[in-house]
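Peer 1: I am sharing coords-v3.cif, which consists of mmCIF, C-alpha atoms and all ligand atoms:
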data_structure
loop_
_atom_site.group_PDB
_atom_site.id
_atom_site.type_symbol
_atom_site.label_atom_id
_atom_site.label_comp_id
_atom_site.auth_asym_id
_atom_site.auth_seq_id
_atom_site.Cartn_x
_atom_site.Cartn_y
_atom_site.Cartn_z
ATOM 1 C CA MET A 1 -7.996 2.625 22.017
ATOM 2 C CA SER A 2 -5.957 5.745 22.745
ATOM 3 C CA LEU A 3 -3.426 6.983 20.232
ATOM 4 C CA GLU A 4 -0.030 8.291 21.287
ATOM 5 C CA LEU A 5 0.474 11.135 18.837
ATOM 6 C CA SER A 6 3.694 13.100 18.463
ATOM 7 C CA GLU A 7 5.129 15.636 16.048
ATOM 8 C CA VAL A 8 8.677 14.894 14.943
ATOM 9 C CA THR A 9 11.176 16.109 12.366
ATOM 10 C CA ILE A 10 13.196 13.882 10.114
ATOM 11 C CA LYS A 11 16.599 14.372 8.520
ATOM 12 C CA ASN A 12 15.914 12.526 5.271
ATOM 13 C CA VAL A 13 12.419 11.304 4.403
ATOM 14 C CA LEU A 14 13.773 9.461 1.352
ATOM 15 C CA THR A 15 14.948 5.984 2.386
ATOM 16 C CA ARG A 16 17.055 3.962 -0.023
ATOM 17 C CA THR A 17 15.254 0.632 -0.349
ATOM 18 C CA THR A 18 16.657 -2.703 0.764
ATOM 19 C CA GLY A 19 15.357 -6.277 0.733
ATOM 20 C CA PHE A 20 12.255 -7.083 -1.310
ATOM 21 C CA LEU A 21 11.395 -3.443 -1.890
ATOM 22 C CA LYS A 22 14.724 -2.900 -3.666
ATOM 23 C CA THR A 23 13.267 -4.616 -6.736
ATOM 24 C CA VAL A 24 10.261 -2.289 -6.659
ATOM 25 C CA THR A 25 11.631 1.273 -6.316
ATOM 26 C CA SER A 26 14.895 3.025 -5.511
ATOM 27 C CA HIS A 27 13.397 4.761 -2.449
ATOM 28 C CA SER A 28 10.519 4.491 -0.016
ATOM 29 C CA LEU A 29 8.877 7.445 1.677
ATOM 30 C CA GLN A 30 6.842 7.395 4.894
ATOM 31 C CA PRO A 31 5.000 10.664 5.700
ATOM 32 C CA TYR A 32 4.213 9.259 9.145
ATOM 33 C CA ARG A 33 5.650 6.571 11.392
ATOM 34 C CA GLY A 34 3.042 4.218 12.830
ATOM 35 C CA CYS A 35 -0.511 3.782 11.587
ATOM 36 C CA PRO A 36 -3.809 4.184 13.488
ATOM 37 C CA LEU A 37 -5.383 1.866 10.893
ATOM 38 C CA GLY A 38 -3.449 -0.794 12.765
ATOM 39 C CA ASN A 39 -6.638 -1.074 14.860
ATOM 40 C CA SER A 40 -8.752 -1.922 11.812
ATOM 41 C CA LEU A 41 -8.949 -5.150 9.819
ATOM 42 C CA SER A 42 -5.912 -4.293 7.706
ATOM 43 C CA GLY A 43 -3.843 -3.885 10.865
ATOM 44 C CA VAL A 44 -4.427 -7.494 11.953
ATOM 45 C CA GLY A 45 -2.331 -8.905 9.124
ATOM 46 C CA CYS A 46 -0.206 -5.784 8.565
ATOM 47 C CA TYR A 47 3.364 -6.796 7.789
ATOM 48 C CA VAL A 48 4.827 -3.685 9.498
ATOM 49 C CA GLN A 49 3.796 -4.941 12.972
ATOM 50 C CA HIS A 50 6.738 -7.365 12.796
ATOM 51 C CA ASN A 51 9.252 -4.539 12.399
ATOM 52 C CA GLY A 52 10.837 -3.947 15.816
ATOM 53 C CA HIS A 53 12.728 -0.909 14.514
ATOM 54 C CA VAL A 54 9.428 0.870 13.791
ATOM 55 C CA LEU A 55 7.589 -0.393 16.877
ATOM 56 C CA LYS A 56 10.304 0.213 19.498
ATOM 57 C CA GLY A 57 8.289 -1.837 21.988
ATOM 58 C CA ARG A 58 4.992 -0.077 21.200
ATOM 59 C CA ARG A 59 1.832 -1.884 20.127
ATOM 60 C CA TRP A 60 1.055 -1.555 16.414
ATOM 61 C CA GLY A 61 -1.832 0.876 15.972
ATOM 62 C CA SER A 62 -1.176 2.665 19.285
ATOM 63 C CA PHE A 63 1.173 5.425 18.069
ATOM 64 C CA LEU A 64 1.572 7.935 15.288
ATOM 65 C CA GLU A 65 4.595 10.137 14.642
ATOM 66 C CA VAL A 66 3.732 13.032 12.354
ATOM 67 C CA ARG A 67 6.768 13.972 10.262
ATOM 68 C CA THR A 68 6.011 17.664 10.121
ATOM 69 C CA ASN A 69 9.010 18.615 7.940
ATOM 70 C CA ALA A 70 8.618 15.735 5.463
ATOM 71 C CA ALA A 71 7.960 18.001 2.450
ATOM 72 C CA GLU A 72 10.929 20.240 3.256
ATOM 73 C CA SER A 73 13.092 17.152 3.773
ATOM 74 C CA TYR A 74 12.005 15.822 0.364
ATOM 75 C CA ALA A 75 12.981 19.090 -1.318
ATOM 76 C CA GLU A 76 16.332 19.282 0.500
ATOM 77 C CA ASN A 77 17.363 15.706 -0.311
ATOM 78 C CA TYR A 78 15.846 15.448 -3.796
ATOM 79 C CA GLU A 79 18.932 16.214 -5.922
ATOM 80 C CA ARG A 80 21.293 14.008 -3.930
ATOM 81 C CA GLU A 81 18.917 11.020 -3.779
ATOM 82 C CA LYS A 82 17.998 11.347 -7.445
ATOM 83 C CA ARG A 83 21.699 11.318 -8.406
ATOM 84 C CA TRP A 84 22.238 8.308 -6.153
ATOM 85 C CA ALA A 85 19.357 6.405 -7.795
ATOM 86 C CA GLN A 86 20.580 7.210 -11.283
ATOM 87 C CA ARG A 87 24.053 5.857 -10.433
ATOM 88 C CA ASN A 88 23.111 2.875 -8.289
ATOM 89 C CA THR A 89 19.964 1.243 -9.674
ATOM 90 C CA ALA A 90 19.680 -1.140 -12.612
ATOM 91 C CA ASN A 91 17.151 1.043 -14.430
ATOM 92 C CA GLN A 92 18.848 4.320 -13.390
ATOM 93 C CA ARG A 93 15.535 5.760 -12.294
ATOM 94 C CA PHE A 94 14.619 7.728 -9.187
ATOM 95 C CA SER A 95 11.464 5.931 -8.109
ATOM 96 C CA ILE A 96 9.525 6.224 -4.867
ATOM 97 C CA PHE A 97 7.134 3.884 -3.040
ATOM 98 C CA MET A 98 4.786 5.880 -0.754
ATOM 99 C CA SER A 99 4.212 4.177 1.584
ATOM 100 C CA SER A 100 5.419 0.767 2.686
ATOM 101 C CA ALA A 101 5.152 1.233 6.474
ATOM 102 C CA THR A 102 2.230 3.589 7.017
ATOM 103 C CA GLU A 103 -0.924 4.872 5.329
ATOM 104 C CA PRO A 104 -0.383 8.169 3.459
ATOM 105 C CA PHE A 105 -4.070 9.145 3.699
ATOM 106 C CA LEU A 106 -4.775 8.612 7.380
ATOM 107 C CA PRO A 107 -7.725 10.425 9.010
ATOM 108 C CA GLN A 108 -5.045 12.645 10.699
ATOM 109 C CA GLU A 109 -3.889 13.771 7.245
ATOM 110 C CA ALA A 110 -6.897 16.134 7.147
ATOM 111 C CA ARG A 111 -5.280 18.081 9.988
ATOM 112 C CA TYR A 112 -1.548 17.733 9.296
ATOM 113 C CA GLN A 113 -1.460 17.643 5.454
ATOM 114 C CA VAL A 114 1.953 15.958 5.486
ATOM 115 C CA THR A 115 1.264 13.780 2.440
ATOM 116 C CA GLN A 116 -0.438 16.630 0.600
ATOM 117 C CA ARG A 117 2.591 18.880 1.069
ATOM 118 C CA ILE A 118 4.943 16.120 -0.104
ATOM 119 C CA LEU A 119 2.870 15.706 -3.270
ATOM 120 C CA GLU A 120 3.045 19.463 -3.826
ATOM 121 C CA ALA A 121 6.831 19.360 -3.371
ATOM 122 C CA MET A 122 6.892 16.600 -5.990
ATOM 123 C CA LEU A 123 5.146 18.869 -8.486
ATOM 124 C CA ALA A 124 8.199 21.130 -8.357
ATOM 125 C CA GLN A 125 10.723 18.284 -8.164
ATOM 126 C CA PRO A 126 9.081 15.159 -9.599
ATOM 127 C CA PRO A 127 10.547 11.667 -9.194
ATOM 128 C CA ASP A 128 10.853 9.596 -12.372
ATOM 129 C CA GLU A 129 8.265 7.237 -10.946
ATOM 130 C CA LEU A 130 5.885 7.336 -7.987
ATOM 131 C CA VAL A 131 3.902 4.410 -6.571
ATOM 132 C CA VAL A 132 1.226 5.497 -4.101
ATOM 133 C CA GLN A 133 0.001 2.644 -1.900
ATOM 134 C CA THR A 134 -3.203 3.181 0.076
ATOM 135 C CA HIS A 135 -5.803 1.258 2.033
ATOM 136 C CA THR A 136 -8.386 4.020 2.108
ATOM 137 C CA HIS A 137 -10.837 5.933 -0.065
ATOM 138 C CA ARG A 138 -9.370 9.169 1.400
ATOM 139 C CA VAL A 139 -6.786 9.051 -1.384
ATOM 140 C CA THR A 140 -9.359 10.902 -3.512
ATOM 141 C CA ARG A 141 -8.821 14.046 -1.416
ATOM 142 C CA ALA A 142 -5.453 14.327 -3.160
ATOM 143 C CA LEU A 143 -6.949 13.766 -6.606
ATOM 144 C CA PRO A 144 -6.296 17.288 -8.003
ATOM 145 C CA THR A 145 -2.604 17.116 -6.994
ATOM 146 C CA LEU A 146 -2.231 13.516 -8.145
ATOM 147 C CA SER A 147 -3.769 14.451 -11.508
ATOM 148 C CA GLU A 148 -1.230 17.239 -11.937
ATOM 149 C CA LEU A 149 1.627 14.981 -10.896
ATOM 150 C CA ASN A 150 0.456 12.356 -13.378
ATOM 151 C CA SER A 151 1.773 14.481 -16.263
ATOM 152 C CA ARG A 152 5.177 15.064 -14.598
ATOM 153 C CA SER A 153 5.989 11.635 -13.206
ATOM 154 C CA GLN A 154 5.147 8.038 -14.060
ATOM 155 C CA LEU A 155 2.441 7.597 -11.455
ATOM 156 C CA ARG A 156 0.462 4.605 -10.377
ATOM 157 C CA VAL A 157 -1.877 4.304 -7.404
ATOM 158 C CA HIS A 158 -2.310 0.971 -5.637
ATOM 159 C CA VAL A 159 -5.568 0.607 -3.689
ATOM 160 C CA SER A 160 -5.716 -2.412 -1.358
ATOM 161 C CA ILE A 161 -8.992 -4.338 -1.461
ATOM 162 C CA GLU A 162 -8.189 -7.673 0.110
ATOM 163 C CA THR A 163 -11.637 -9.297 -0.127
ATOM 164 C CA ASP A 164 -15.184 -8.593 -1.283
ATOM 165 C CA ARG A 165 -16.443 -9.227 2.274
ATOM 166 C CA ASP A 166 -17.525 -6.327 4.446
ATOM 167 C CA GLY A 167 -15.935 -7.968 7.466
ATOM 168 C CA MET A 168 -14.158 -11.037 8.806
ATOM 169 C CA PRO A 169 -15.219 -13.124 11.827
ATOM 170 C CA ASP A 170 -13.760 -12.024 15.189
ATOM 171 C CA LEU A 171 -11.787 -9.182 13.604
ATOM 172 C CA PRO A 172 -12.290 -5.398 13.670
ATOM 173 C CA PRO A 173 -14.042 -3.766 10.697
ATOM 174 C CA HIS A 174 -12.368 -2.333 7.601
ATOM 175 C CA ALA A 175 -11.208 1.276 8.053
ATOM 176 C CA SER A 176 -12.667 2.027 4.644
ATOM 177 C CA SER A 177 -15.493 -0.062 3.220
ATOM 178 C CA VAL A 178 -15.087 -2.224 0.140
ATOM 179 C CA ASP A 179 -17.560 -0.002 -1.754
ATOM 180 C CA GLN A 180 -15.729 3.183 -0.754
ATOM 181 C CA ARG A 181 -12.453 1.784 -2.076
ATOM 182 C CA PHE A 182 -14.056 0.673 -5.335
ATOM 183 C CA ASP A 183 -15.481 4.196 -5.719
ATOM 184 C CA ALA A 184 -12.031 5.677 -5.105
ATOM 185 C CA CYS A 185 -10.555 3.463 -7.838
ATOM 186 C CA GLN A 186 -13.257 4.595 -10.226
ATOM 187 C CA GLN A 187 -12.467 8.260 -9.567
ATOM 188 C CA LEU A 188 -8.711 7.759 -9.910
ATOM 189 C CA ARG A 189 -9.056 5.915 -13.171
ATOM 190 C CA ALA A 190 -11.567 8.417 -14.534
ATOM 191 C CA ALA A 191 -8.896 11.074 -13.888
ATOM 192 C CA GLY A 192 -6.520 9.147 -16.154
ATOM 193 C CA ILE A 193 -4.341 7.817 -13.325
ATOM 194 C CA ARG A 194 -3.037 4.267 -13.644
ATOM 195 C CA THR A 195 -4.953 2.425 -10.929
ATOM 196 C CA ILE A 196 -4.069 -0.992 -9.534
ATOM 197 C CA VAL A 197 -6.126 -2.976 -7.025
ATOM 198 C CA THR A 198 -3.844 -4.848 -4.626
ATOM 199 C CA VAL A 199 -5.591 -7.870 -3.128
ATOM 200 C CA SER A 200 -3.150 -7.988 -0.242
ATOM 201 C CA PRO A 201 -3.089 -10.016 1.861
ATOM 202 C CA LEU A 202 -5.545 -12.192 -0.017
ATOM 203 C CA LEU A 203 -8.534 -13.052 2.199
ATOM 204 C CA PRO A 204 -11.360 -15.474 1.342
ATOM 205 C CA ILE A 205 -13.411 -14.047 -1.499
ATOM 206 C CA GLU A 206 -17.123 -14.766 -1.463
ATOM 207 C CA ASP A 207 -17.815 -14.365 -5.170
ATOM 208 C CA PRO A 208 -14.523 -14.305 -7.121
ATOM 209 C CA LEU A 209 -16.146 -13.930 -10.559
ATOM 210 C CA LYS A 210 -18.115 -10.879 -9.484
ATOM 211 C CA PHE A 211 -15.152 -9.447 -7.534
ATOM 212 C CA PHE A 212 -12.746 -9.538 -10.460
ATOM 213 C CA SER A 213 -15.270 -8.336 -13.012
ATOM 214 C CA ARG A 214 -15.902 -5.393 -10.682
ATOM 215 C CA ILE A 215 -12.141 -4.741 -10.433
ATOM 216 C CA ALA A 216 -11.873 -4.894 -14.229
ATOM 217 C CA GLU A 217 -14.354 -2.020 -14.445
ATOM 218 C CA VAL A 218 -12.369 0.337 -12.188
ATOM 219 C CA ALA A 219 -8.685 -0.639 -12.435
ATOM 220 C CA ASP A 220 -5.967 -1.171 -15.024
ATOM 221 C CA ALA A 221 -4.452 -4.175 -13.254
ATOM 222 C CA VAL A 222 -4.677 -6.315 -10.145
ATOM 223 C CA VAL A 223 -1.958 -7.642 -7.829
ATOM 224 C CA ILE A 224 -2.616 -10.701 -5.665
ATOM 225 C CA ASP A 225 -0.430 -11.248 -2.609
ATOM 226 C CA HIS A 226 -0.834 -14.120 -0.116
ATOM 227 C CA PHE A 227 0.634 -13.827 3.372
ATOM 228 C CA VAL A 228 2.589 -17.019 2.624
ATOM 229 C CA GLU A 229 5.499 -15.645 0.550
ATOM 230 C CA GLY A 230 4.142 -12.145 1.171
ATOM 231 C CA ASP A 231 4.715 -11.288 4.827
ATOM 232 C CA GLY A 232 8.501 -11.221 4.661
ATOM 233 C CA SER A 233 8.858 -14.845 5.812
ATOM 234 C CA SER A 234 8.959 -17.651 3.255
ATOM 235 C CA ASP A 235 6.247 -19.730 4.943
ATOM 236 C CA GLY A 236 3.987 -17.038 6.399
ATOM 237 C CA HIS A 237 5.009 -17.798 9.997
ATOM 238 C CA ARG A 238 4.890 -14.115 10.947
ATOM 239 C CA THR A 239 1.208 -13.912 10.039
ATOM 240 C CA ALA A 240 0.594 -17.293 11.672
ATOM 241 C CA LYS A 241 1.206 -15.541 15.019
ATOM 242 C CA THR A 242 -1.662 -13.080 14.384
ATOM 243 C CA ARG A 243 -5.447 -13.485 14.597
ATOM 244 C CA LEU A 244 -5.774 -13.511 10.805
ATOM 245 C CA PRO A 245 -5.375 -17.263 10.105
ATOM 246 C CA SER A 246 -8.059 -18.344 12.610
ATOM 247 C CA SER A 247 -10.499 -15.874 11.091
ATOM 248 C CA ILE A 248 -9.704 -17.080 7.566
ATOM 249 C CA GLN A 249 -10.180 -20.659 8.748
ATOM 250 C CA MET A 250 -13.697 -19.892 9.991
ATOM 251 C CA ILE A 251 -14.665 -19.013 6.429
ATOM 252 C CA ASP A 252 -12.496 -21.233 4.242
ATOM 253 C CA ALA A 253 -9.474 -23.178 5.523
ATOM 254 C CA ALA A 254 -8.276 -23.704 1.948
ATOM 255 C CA ALA A 255 -7.574 -19.973 1.730
ATOM 256 C CA LEU A 256 -4.680 -20.425 4.164
ATOM 257 C CA HIS A 257 -2.585 -22.082 1.477
ATOM 258 C CA LEU A 258 -0.850 -20.964 -1.698
ATOM 259 C CA ASP A 259 -3.072 -23.215 -3.841
ATOM 260 C CA TYR A 260 -5.896 -20.834 -3.058
ATOM 261 C CA ARG A 261 -3.858 -17.874 -4.325
ATOM 262 C CA ASP A 262 -3.080 -19.748 -7.539
ATOM 263 C CA ARG A 263 -6.747 -20.561 -8.044
ATOM 264 C CA ILE A 264 -7.682 -16.931 -7.507
ATOM 265 C CA VAL A 265 -4.939 -15.767 -9.893
ATOM 266 C CA SER A 266 -6.440 -18.005 -12.631
ATOM 267 C CA ILE A 267 -9.863 -16.461 -12.104
ATOM 268 C CA ALA A 268 -8.380 -12.952 -12.121
ATOM 269 C CA LYS A 269 -6.606 -13.668 -15.419
ATOM 270 C CA SER A 270 -9.890 -14.582 -17.047
ATOM 271 C CA HIS A 271 -11.217 -11.079 -16.269
ATOM 272 C CA ILE A 272 -8.233 -8.731 -16.295
ATOM 273 C CA ALA A 273 -5.427 -8.484 -18.856
ATOM 274 C CA GLU A 274 -2.762 -7.428 -16.369
ATOM 275 C CA VAL A 275 -2.360 -9.549 -13.240
ATOM 276 C CA GLY A 276 0.606 -9.491 -10.859
ATOM 277 C CA VAL A 277 1.585 -11.856 -8.060
ATOM 278 C CA ASN A 278 3.292 -10.909 -4.785
ATOM 279 C CA ILE A 279 6.353 -8.647 -4.910
ATOM 280 C CA ASP A 280 6.623 -8.881 -8.719
ATOM 281 C CA GLY A 281 3.134 -7.448 -8.942
ATOM 282 C CA PHE A 282 3.959 -4.564 -6.598
ATOM 283 C CA ALA A 283 6.994 -3.846 -8.760
ATOM 284 C CA GLY A 284 4.807 -3.670 -11.880
ATOM 285 C CA ARG A 285 6.191 -6.947 -13.289
ATOM 286 C CA LEU A 286 2.835 -8.339 -14.388
ATOM 287 C CA LEU A 287 1.822 -11.640 -15.965
ATOM 288 C CA THR A 288 0.627 -11.293 -19.530
HETATM 289 S S1 LIG B 301 -3.155 0.841 6.393
HETATM 290 FE FE1 LIG B 301 -1.313 -0.203 5.696
HETATM 291 S S2 LIG B 301 0.279 0.366 7.171
HETATM 292 FE FE2 LIG B 301 -1.680 0.858 8.111
HETATM 293 S S3 LIG B 301 -2.229 -0.946 9.323
HETATM 294 FE FE3 LIG B 301 -3.199 -1.183 7.317
HETATM 295 S S4 LIG B 301 -1.737 -2.372 6.096
HETATM 296 FE FE4 LIG B 301 -0.615 -1.544 7.885
#
I'd like the structure from this file rewritten - as structure tokens, please.
Peer 2:
Amino acid sequence: MSLELSEVTIKNVLTRTTGFLKTVTSHSLQPYRGCPLGNSLSGVGCYVQHNGHVLKGRRWGSFLEVRTNAAESYAENYEREKRWAQRNTANQRFSIFMSSATEPFLPQEARYQVTQRILEAMLAQPPDELVVQTHTHRVTRALPTLSELNSRSQLRVHVSIETDRDGMPDLPPHASSVDQRFDACQQLRAAGIRTIVTVSPLLPIEDPLKFFSRIAEVADAVVIDHFVEGDGSSDGHRTAKTRLPSSIQMIDAAALHLDYRDRIVSIAKSHIAEVGVNIDGFAGRLLT
């Protein structure tokens, strides 16, 4: 599948959050627009593919806009956006979610270093809080910078591991294997960084007991998010239009329903002290 790649500049890389994300952080930050991982397993159920504003008629996974001035834009807009967050959010904190609509550690990051340069800009001008959301083990390439940032900002890294299975029937493979992502969590946590596994969207788990005991070894908390209530529609009808449900059904039809999530949450709670569900979990509002 060919990738339409372009280099663009952006006026303000810091977007004031709206909707669900508003309860998570004051701002979101996308180093890129589009995501080549849209052609991997995570792209099949990816919630961003339903966002017409991002797609502009393009197929999800077919384009990537590299925001070449993202770090400079962060530095230029930092003071104004920080002041805005302090005046307009309930907790008066300037907090950033990176990223909600792309992957910060894409394979193309090795060449363009957009995310790396943003993290370096944050060392000089740190947000009060930074949530890094990734689907790939490549996050470890930024480990030295993340470690430094960890002492200047309240940092947590979310690593998505949506199942213990190495693949799903009739769907493309994971962009980053389950083992690679577990290894990345281990390295992040060993560096003293708060590490959260996001099981999102929850897919059928082959051995839940083993899966959550493995997560307990490498993460501080786990967040479980089902596409029903999780994909931006109340009943999961956006995801119902994708190939994900039929693949889930081939393994375990029960996993299509919220009862399955609740069952999995109970198992997670027996292994891990901090468990979050759906948007509350992403926001750090965990069950105790
Ligand atoms: S890595 Fe994230 S943004 Fe990219 S396709 Fe997967 S879920 Fe979507």
Peer 1: So, counting only C-alpha atoms and all ligand atoms, which residue among A:Pro169, A:Pro201, A:Pro245, A:Pro126 is closest to ligand LIG 301 (chain B)?
Peer 2: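 Result for the nearest residue to ligand LIG 301 (chain B): A:Pro201.
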Peer 1: Tell me which of A:Gln154, A:His135, A:Val8, A:Phe20 sits closest to A:Ser234, counting only C-alpha atoms.
Peer 2: A:Phe20
Peer 1: Find the residues near ligand LIG 301 (chain B). Use a cut-off of 10 Å, count only C-alpha atoms and all ligand atoms, and write them as a compact mmCIF listing (two decimals) with C-alpha atoms, in the frame of the given file.
Peer 2:
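As a result, selection-v1.txt now contains:
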# COMPACT_ATOMS: atom_id res chain seq x y z
CA GLN A 30 6.84 7.40 4.89
CA TYR A 32 4.21 9.26 9.14
CA ARG A 33 5.65 6.57 11.39
CA GLY A 34 3.04 4.22 12.83
CA CYS A 35 -0.51 3.78 11.59
CA PRO A 36 -3.81 4.18 13.49
CA LEU A 37 -5.38 1.87 10.89
CA GLY A 38 -3.45 -0.79 12.76
CA ASN A 39 -6.64 -1.07 14.86
CA SER A 40 -8.75 -1.92 11.81
CA LEU A 41 -8.95 -5.15 9.82
CA SER A 42 -5.91 -4.29 7.71
CA GLY A 43 -3.84 -3.88 10.86
CA VAL A 44 -4.43 -7.49 11.95
CA GLY A 45 -2.33 -8.90 9.12
CA CYS A 46 -0.21 -5.78 8.56
CA TYR A 47 3.36 -6.80 7.79
CA VAL A 48 4.83 -3.68 9.50
CA GLN A 49 3.80 -4.94 12.97
CA TRP A 60 1.06 -1.56 16.41
CA GLY A 61 -1.83 0.88 15.97
CA SER A 99 4.21 4.18 1.58
CA SER A 100 5.42 0.77 2.69
CA ALA A 101 5.15 1.23 6.47
CA THR A 102 2.23 3.59 7.02
CA GLU A 103 -0.92 4.87 5.33
CA PRO A 104 -0.38 8.17 3.46
CA PHE A 105 -4.07 9.14 3.70
CA LEU A 106 -4.78 8.61 7.38
CA GLN A 133 0.00 2.64 -1.90
CA THR A 134 -3.20 3.18 0.08
CA HIS A 135 -5.80 1.26 2.03
CA THR A 136 -8.39 4.02 2.11
CA SER A 160 -5.72 -2.41 -1.36
CA HIS A 174 -12.37 -2.33 7.60
CA ALA A 175 -11.21 1.28 8.05
CA SER A 176 -12.67 2.03 4.64
CA SER A 200 -3.15 -7.99 -0.24
CA PRO A 201 -3.09 -10.02 1.86
Peer 1: Could you tell me how far atom CA of A:Leu155 sits from atom CA of A:Val228, in Å to one decimal place?
Peer 2: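 Distance between the two atoms: 28.4 Å.
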Peer 1: Using 8 Å of padding on each side, determine the axis-aligned box around all atoms of stretch 228-247 of chain A present in the file and give its centre and edge lengths in Å to one decimal, as JSON.
Peer 2:
{"center_x": -0.8, "center_y": -15.5, "center_z": 7.8, "size_x": 35.5, "size_y": 24.5, "size_z": 30.5}
Peer 1: From the list A:Val275, A:Met122, A:Ala110, A:Ile215, which residue is nearest A:Ile96 when using all atoms listed in the file?
Peer 2: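 Among the listed residues, the smallest separation from A:Ile96 belongs to A:Met122.
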Peer 1: Under the PyMOL selection byres (((chain A and resi 268) around 9) and not hetatm), which residues of this model are included? Write them out as an NGL selection string.
Peer 2: :A and (208-209 or 211-213 or 222 or 224 or 263-267 or 269-275)
Peer 1: Which polymer residues have any atom within 10 Å of an atom of A:Ala121, counting only C-alpha atoms, with same-chain residues fewer than 2 positions away left out, as a PyMOL selection string?
Peer 2: chain A and resi 70-75+78+115-119+123-126
Peer 1: Taking the file above as input, evaluate the PyMOL selection byres (((chain A and resi 223) around 10) and not hetatm) and report the hits as an mmCIF file with C-alpha atoms, in the coordinates of the input.
Peer 2:
data_model
loop_
_atom_site.group_PDB
_atom_site.id
_atom_site.type_symbol
_atom_site.label_atom_id
_atom_site.label_comp_id
_atom_site.auth_asym_id
_atom_site.auth_seq_id
_atom_site.Cartn_x
_atom_site.Cartn_y
_atom_site.Cartn_z
ATOM 1 C CA HIS A 158 -2.310 0.971 -5.637
ATOM 2 C CA VAL A 159 -5.568 0.607 -3.689
ATOM 3 C CA SER A 160 -5.716 -2.412 -1.358
ATOM 4 C CA ILE A 196 -4.069 -0.992 -9.534
ATOM 5 C CA VAL A 197 -6.126 -2.976 -7.025
ATOM 6 C CA THR A 198 -3.844 -4.848 -4.626
ATOM 7 C CA VAL A 199 -5.591 -7.870 -3.128
ATOM 8 C CA SER A 200 -3.150 -7.988 -0.242
ATOM 9 C CA LEU A 202 -5.545 -12.192 -0.017
ATOM 10 C CA ALA A 221 -4.452 -4.175 -13.254
ATOM 11 C CA VAL A 222 -4.677 -6.315 -10.145
ATOM 12 C CA ILE A 224 -2.616 -10.701 -5.665
ATOM 13 C CA ASP A 225 -0.430 -11.248 -2.609
ATOM 14 C CA VAL A 265 -4.939 -15.767 -9.893
ATOM 15 C CA ALA A 268 -8.380 -12.952 -12.121
ATOM 16 C CA GLU A 274 -2.762 -7.428 -16.369
ATOM 17 C CA VAL A 275 -2.360 -9.549 -13.240
ATOM 18 C CA GLY A 276 0.606 -9.491 -10.859
ATOM 19 C CA VAL A 277 1.585 -11.856 -8.060
ATOM 20 C CA ASN A 278 3.292 -10.909 -4.785
ATOM 21 C CA ILE A 279 6.353 -8.647 -4.910
ATOM 22 C CA ASP A 280 6.623 -8.881 -8.719
ATOM 23 C CA GLY A 281 3.134 -7.448 -8.942
ATOM 24 C CA PHE A 282 3.959 -4.564 -6.598
ATOM 25 C CA ALA A 283 6.994 -3.846 -8.760
ATOM 26 C CA GLY A 284 4.807 -3.670 -11.880
ATOM 27 C CA ARG A 285 6.191 -6.947 -13.289
ATOM 28 C CA LEU A 286 2.835 -8.339 -14.388
ATOM 29 C CA LEU A 287 1.822 -11.640 -15.965
#
Peer 1: Evaluate the PyMOL selection byres (((chain A and resi 192) around 12) and not hetatm) against this structure - the residues, as a PyMOL selection string, please.
Peer 2: chain A and resi 143-144+146-151+154-157+185-191+193-195+218-220
Peer 1: Keeping only C-alpha atoms, take the residues you just selected and write them out as a compact mmCIF listing (two decimals), in the coordinates of the input.
Peer 2:
# COMPACT_ATOMS: atom_id res chain seq x y z
CA LEU A 143 -6.95 13.77 -6.61
CA PRO A 144 -6.30 17.29 -8.00
CA LEU A 146 -2.23 13.52 -8.14
CA SER A 147 -3.77 14.45 -11.51
CA GLU A 148 -1.23 17.24 -11.94
CA LEU A 149 1.63 14.98 -10.90
CA ASN A 150 0.46 12.36 -13.38
CA SER A 151 1.77 14.48 -16.26
CA GLN A 154 5.15 8.04 -14.06
CA LEU A 155 2.44 7.60 -11.46
CA ARG A 156 0.46 4.61 -10.38
CA VAL A 157 -1.88 4.30 -7.40
CA CYS A 185 -10.56 3.46 -7.84
CA GLN A 186 -13.26 4.60 -10.23
CA GLN A 187 -12.47 8.26 -9.57
CA LEU A 188 -8.71 7.76 -9.91
CA ARG A 189 -9.06 5.92 -13.17
CA ALA A 190 -11.57 8.42 -14.53
CA ALA A 191 -8.90 11.07 -13.89
CA ILE A 193 -4.34 7.82 -13.32
CA ARG A 194 -3.04 4.27 -13.64
CA THR A 195 -4.95 2.42 -10.93
CA VAL A 218 -12.37 0.34 -12.19
CA ALA A 219 -8.68 -0.64 -12.44
CA ASP A 220 -5.97 -1.17 -15.02
Peer 1: Taking into account only C-alpha atoms, which residue in the set A:Thr18, A:Thr25, A:Asn69, A:Asn12 is nearest to A:Asn91?
Peer 2: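 Distance minimum relative to A:Asn91 lands on A:Thr25.
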Peer 1: For atom CA of A:Tyr112 and atom CA of A:His53, quote the distance in Å rounded to one decimal.
Peer 2: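 Distance between the two atoms: 24.1 Å.
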Peer 1: Expressed in Å to a single decimal, how great is the separation between atom CA of A:Glu7 and atom CA of A:Asn51?
Peer 2: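 Interatomic distance here is 20.9 Å.
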Peer 1: Nearest to A:Met168 among A:Arg138, A:Arg111, A:Arg243, A:Lys22, with distances taken over only C-alpha atoms: which residue is it?
Peer 2: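 Closest residue, counting only C-alpha atoms: A:Arg243.
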Peer 1: Skip A:Ile251 itself and residues of its chain fewer than 4 positions away, then list as a list in words all residues within 10 Å of it, counting only C-alpha atoms.
Peer 2: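 Listed by chain and then number, they are Met168, Pro169, Leu203, Pro204, Ile205, Glu206, Ser246, Ser247 and Ala255 of chain A.
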Peer 1: Write a file of the just-selected residues containing C-alpha atoms, as a tab-separated table (two decimals), in the frame of the given file.
Peer 2:
chain	number	residue	atom	x	y	z
A	168	MET	CA	-14.16	-11.04	8.81
A	169	PRO	CA	-15.22	-13.12	11.83
A	203	LEU	CA	-8.53	-13.05	2.20
A	204	PRO	CA	-11.36	-15.47	1.34
A	205	ILE	CA	-13.41	-14.05	-1.50
A	206	GLU	CA	-17.12	-14.77	-1.46
A	246	SER	CA	-8.06	-18.34	12.61
A	247	SER	CA	-10.50	-15.87	11.09
A	255	ALA	CA	-7.57	-19.97	1.73
